[in-house]
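Content type PDB, C-alpha atoms, from the file my_file11.pdb:
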ATOM      1  CA  MET A   5      94.858 151.702  83.368
ATOM      2  CA  THR A   6      97.786 153.958  83.424
ATOM      3  CA  LYS A   7     101.313 153.097  82.493
ATOM      4  CA  LYS A   8     102.272 153.215  86.179
ATOM      5  CA  GLY A   9      99.458 150.801  87.121
ATOM      6  CA  ILE A  10     100.469 148.333  84.383
ATOM      7  CA  MET A  11     104.101 148.403  85.526
ATOM      8  CA  LYS A  12     103.051 147.883  89.149
ATOM      9  CA  THR A  13     100.862 144.913  88.199
ATOM     10  CA  PHE A  14     103.657 143.477  86.044
ATOM     11  CA  LEU A  15     106.189 143.805  88.878
ATOM     12  CA  ILE A  16     103.826 142.149  91.353
ATOM     13  CA  ILE A  17     103.258 139.227  88.961
ATOM     14  CA  VAL A  18     107.002 138.836  88.381
ATOM     15  CA  CYS A  19     107.724 138.976  92.119
ATOM     16  CA  VAL A  20     105.060 136.386  92.906
ATOM     17  CA  TRP A  21     106.375 134.176  90.100
ATOM     18  CA  ILE A  22     109.974 134.419  91.338
ATOM     19  CA  TRP A  23     108.844 133.827  94.923
ATOM     20  CA  GLY A  24     106.921 130.690  93.818
ATOM     21  CA  LEU A  25     109.927 129.360  91.942
ATOM     22  CA  PHE A  26     112.145 130.006  94.946
ATOM     23  CA  LEU A  27     109.805 128.106  97.274
ATOM     24  CA  TRP A  28     109.406 125.275  94.798
ATOM     25  CA  PHE A  29     113.137 124.740  94.329
ATOM     26  CA  SER A  30     114.183 125.379  97.920
ATOM     27  CA  SER A  31     111.684 122.965  99.477
ATOM     28  CA  ALA A  32     112.804 119.984  97.412
ATOM     29  CA  ALA A  33     115.259 117.990  99.494
ATOM     30  CA  ASN A  34     117.355 115.368  97.818
ATOM     31  CA  ALA A  35     117.527 111.908  99.333
ATOM     32  CA  ASN A  36     121.308 112.016  98.995
ATOM     33  CA  ASP A  37     121.714 115.028 101.324
ATOM     34  CA  TYR A  38     122.016 112.772 104.370
ATOM     35  CA  ASN A  39     124.570 110.526 102.679
ATOM     36  CA  LYS A  40     126.585 113.539 101.514
ATOM     37  CA  ALA A  41     126.555 115.016 105.019
ATOM     38  CA  VAL A  42     127.763 111.805 106.644
ATOM     39  CA  THR A  43     130.414 111.245 103.982
ATOM     40  CA  GLY A  44     131.569 114.848 104.319
ATOM     41  CA  HIS A  45     131.770 114.481 108.101
ATOM     42  CA  VAL A  46     133.867 111.318 107.877
ATOM     43  CA  ILE A  47     136.207 112.814 105.245
ATOM     44  CA  THR A  48     136.603 116.012 107.308
ATOM     45  CA  GLN A  49     137.463 114.046 110.431
ATOM     46  CA  VAL A  50     140.025 111.932 108.566
ATOM     47  CA  ILE A  51     141.653 114.992 106.966
ATOM     48  CA  GLN A  52     141.843 116.767 110.322
ATOM     49  CA  GLY A  53     143.478 113.698 111.822
ATOM     50  CA  ASN A  54     140.674 113.068 114.283
ATOM     51  CA  SER A  55     139.396 109.574 114.838
ATOM     52  CA  VAL A  56     136.030 108.884 113.302
ATOM     53  CA  ASP A  57     133.419 108.304 115.966
ATOM     54  CA  THR A  58     132.341 104.665 115.780
ATOM     55  CA  SER A  59     128.816 105.573 116.806
ATOM     56  CA  VAL A  60     128.387 107.236 113.402
ATOM     57  CA  LEU A  61     129.440 104.048 111.659
ATOM     58  CA  GLU A  62     127.257 101.922 113.947
ATOM     59  CA  ALA A  63     124.272 104.143 113.204
ATOM     60  CA  GLU A  64     124.945 103.816 109.480
ATOM     61  CA  ILE A  65     125.119 100.031 109.722
ATOM     62  CA  GLN A  66     121.863  99.994 111.676
ATOM     63  CA  LYS A  67     120.245 102.218 109.052
ATOM     64  CA  ILE A  68     121.424  99.951 106.237
ATOM     65  CA  ALA A  69     120.218  96.846 108.106
ATOM     66  CA  HIS A  70     116.832  98.459 108.727
ATOM     67  CA  ASN A  71     116.430  99.435 105.061
ATOM     68  CA  PHE A  72     117.472  95.930 103.995
ATOM     69  CA  SER A  73     114.947  94.329 106.347
ATOM     70  CA  LEU A  74     112.169  96.558 105.007
ATOM     71  CA  GLU A  75     113.074  95.602 101.438
ATOM     72  CA  MET A  76     113.115  91.908 102.357
ATOM     73  CA  ILE A  77     109.706  92.175 104.022
ATOM     74  CA  SER A  78     108.221  93.783 100.922
ATOM     75  CA  ALA A  79     109.824  91.093  98.740
ATOM     76  CA  PHE A  80     108.363  88.368 100.952
ATOM     77  CA  GLU A  81     104.946  90.020 100.833
ATOM     78  CA  LYS A  82     105.119  90.119  97.057
ATOM     79  CA  HIS A  83     106.481  86.605  96.466
ATOM     80  CA  LEU A  84     105.186  84.618  99.455
ATOM     81  CA  PRO A  85     102.125  83.183  97.673
ATOM     82  CA  SER A  86     104.263  81.744  94.872
ATOM     83  CA  ILE A  87     106.838  80.456  97.387
ATOM     84  CA  LEU A  88     104.117  78.725  99.397
ATOM     85  CA  ASP A  89     102.573  77.307  96.214
ATOM     86  CA  SER A  90     105.883  75.797  95.117
ATOM     87  CA  ILE A  91     106.527  74.339  98.581
ATOM     88  CA  SER A  92     103.057  72.807  98.741
ATOM     89  CA  ALA A  93     103.498  71.392  95.210
ATOM     90  CA  GLN A  94     106.786  69.792  96.231
ATOM     91  CA  LEU A  95     105.216  68.323  99.374
ATOM     92  CA  ARG A  96     102.279  66.942  97.366
ATOM     93  CA  ALA A  97     104.648  65.372  94.825
ATOM     94  CA  GLU A  98     106.688  63.782  97.608
ATOM     95  CA  ALA A  99     103.560  62.458  99.341
ATOM     96  CA  ASP A 100     102.258  61.049  96.032
ATOM     97  CA  LYS A 101     105.579  59.322  95.416
ATOM     98  CA  LYS A 102     105.594  57.754  98.889
ATOM     99  CA  TYR A 103     101.998  56.609  98.464
ATOM    100  CA  LYS A 104     102.700  55.140  95.025
ATOM    101  CA  CYS A 105     105.741  53.303  96.340
ATOM    102  CA  ALA A 106     103.775  51.990  99.325
ATOM    103  CA  LEU A 107     101.155  50.478  96.963
ATOM    104  CA  GLN A 108     103.754  48.576  94.949
ATOM    105  CA  SER A 109     104.908  45.164  96.081
ATOM    106  CA  ASP A 110     108.528  44.474  96.957
ATOM    107  CA  GLU A 111     108.876  42.258  93.848
ATOM    108  CA  TYR A 112     107.759  45.009  91.507
ATOM    109  CA  LYS A 113     109.149  48.412  92.367
ATOM    110  CA  ASN A 114     109.355  51.366  90.073
ATOM    111  CA  LYS A 115     112.840  52.822  89.620
ATOM    112  CA  GLU A 116     111.722  55.851  91.643
ATOM    113  CA  CYS A 117     110.845  53.609  94.577
ATOM    114  CA  LYS A 118     114.031  51.495  94.688
TER
END

So that I can check it, write out the structure of this file as structure tokens.
Amino acid sequence: MTKKGIMKTFLIIVCVWIWGLFLWFSSAANANDYNKAVTGHVITQVIQGNSVDTSVLEAEIQKIAHNFSLEMISAFEKHLPSILDSISAQLRAEADKKYKCALQSDEYKNKECK
């Protein structure tokens, strides 16, 4: 290969490498971009003396409520078996206590049954 061919190959490799890096970094969107945009909009409106549109705030509250409900659903899915187990254990203990107290005569009652 000639010196010109090596330089051309080197430049093509560098250009492809730079192009790949550009695409890799430019396609990554941060999750905070939306929050920054809304915050910037509200601050801009306040500085300009305009009233902040309440529909923006209502939409934000709805978004927060939706995210909270999704988190609660996932928490329930994760912990529901243990919650149900503890409830059923409490109900069994209460039923056992009532049954034990029903078997005892009125003259002899345990302190739990009085």

Distance of atom CA of Thr43 of chain A from atom CA of Thr58 of chain A, expressed in Å to one decimal place: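 One can read the atom CA of Thr58 of chain A to atom CA of Thr43 of chain A distance as 13.6 Å.
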
For atom CA of Val20 of chain A and atom CA of Lys8 of chain A, the interatomic separation in Å (one decimal): 18.3 Å

Residue nearest Ala63 of chain A - candidates A:Glu75, A:Ala99, A:Ile91, A:Val42, atoms counted: all atoms listed in the file: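 When distances to Ala63 of chain A are compared using all atoms listed in the file, the smallest one comes from A:Val42.
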
Who sits within 12 Å of Lys113 of chain A, all atoms listed in the file, same chain under 5 positions skipped, as a PyMOL selection string: chain A and resi 101-102+104-108+118

Taking all listed atoms of segment 7-20 of chain A, build the axis-aligned box, pad each of the six sides by 6 Å, then write its centre and edge lengths in Å to one decimal as AutoDock Vina command-line options.
--center_x 103.6 --center_y 144.8 --center_z 87.7 --size_x 20.3 --size_y 28.8 --size_z 22.4

Atomic separation - atom CA of Tyr38 of chain A relative to atom CA of Asp57 of chain A, Å: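 Between atom CA of Asp57 of chain A and atom CA of Tyr38 of chain A the gap is 16.9 Å.
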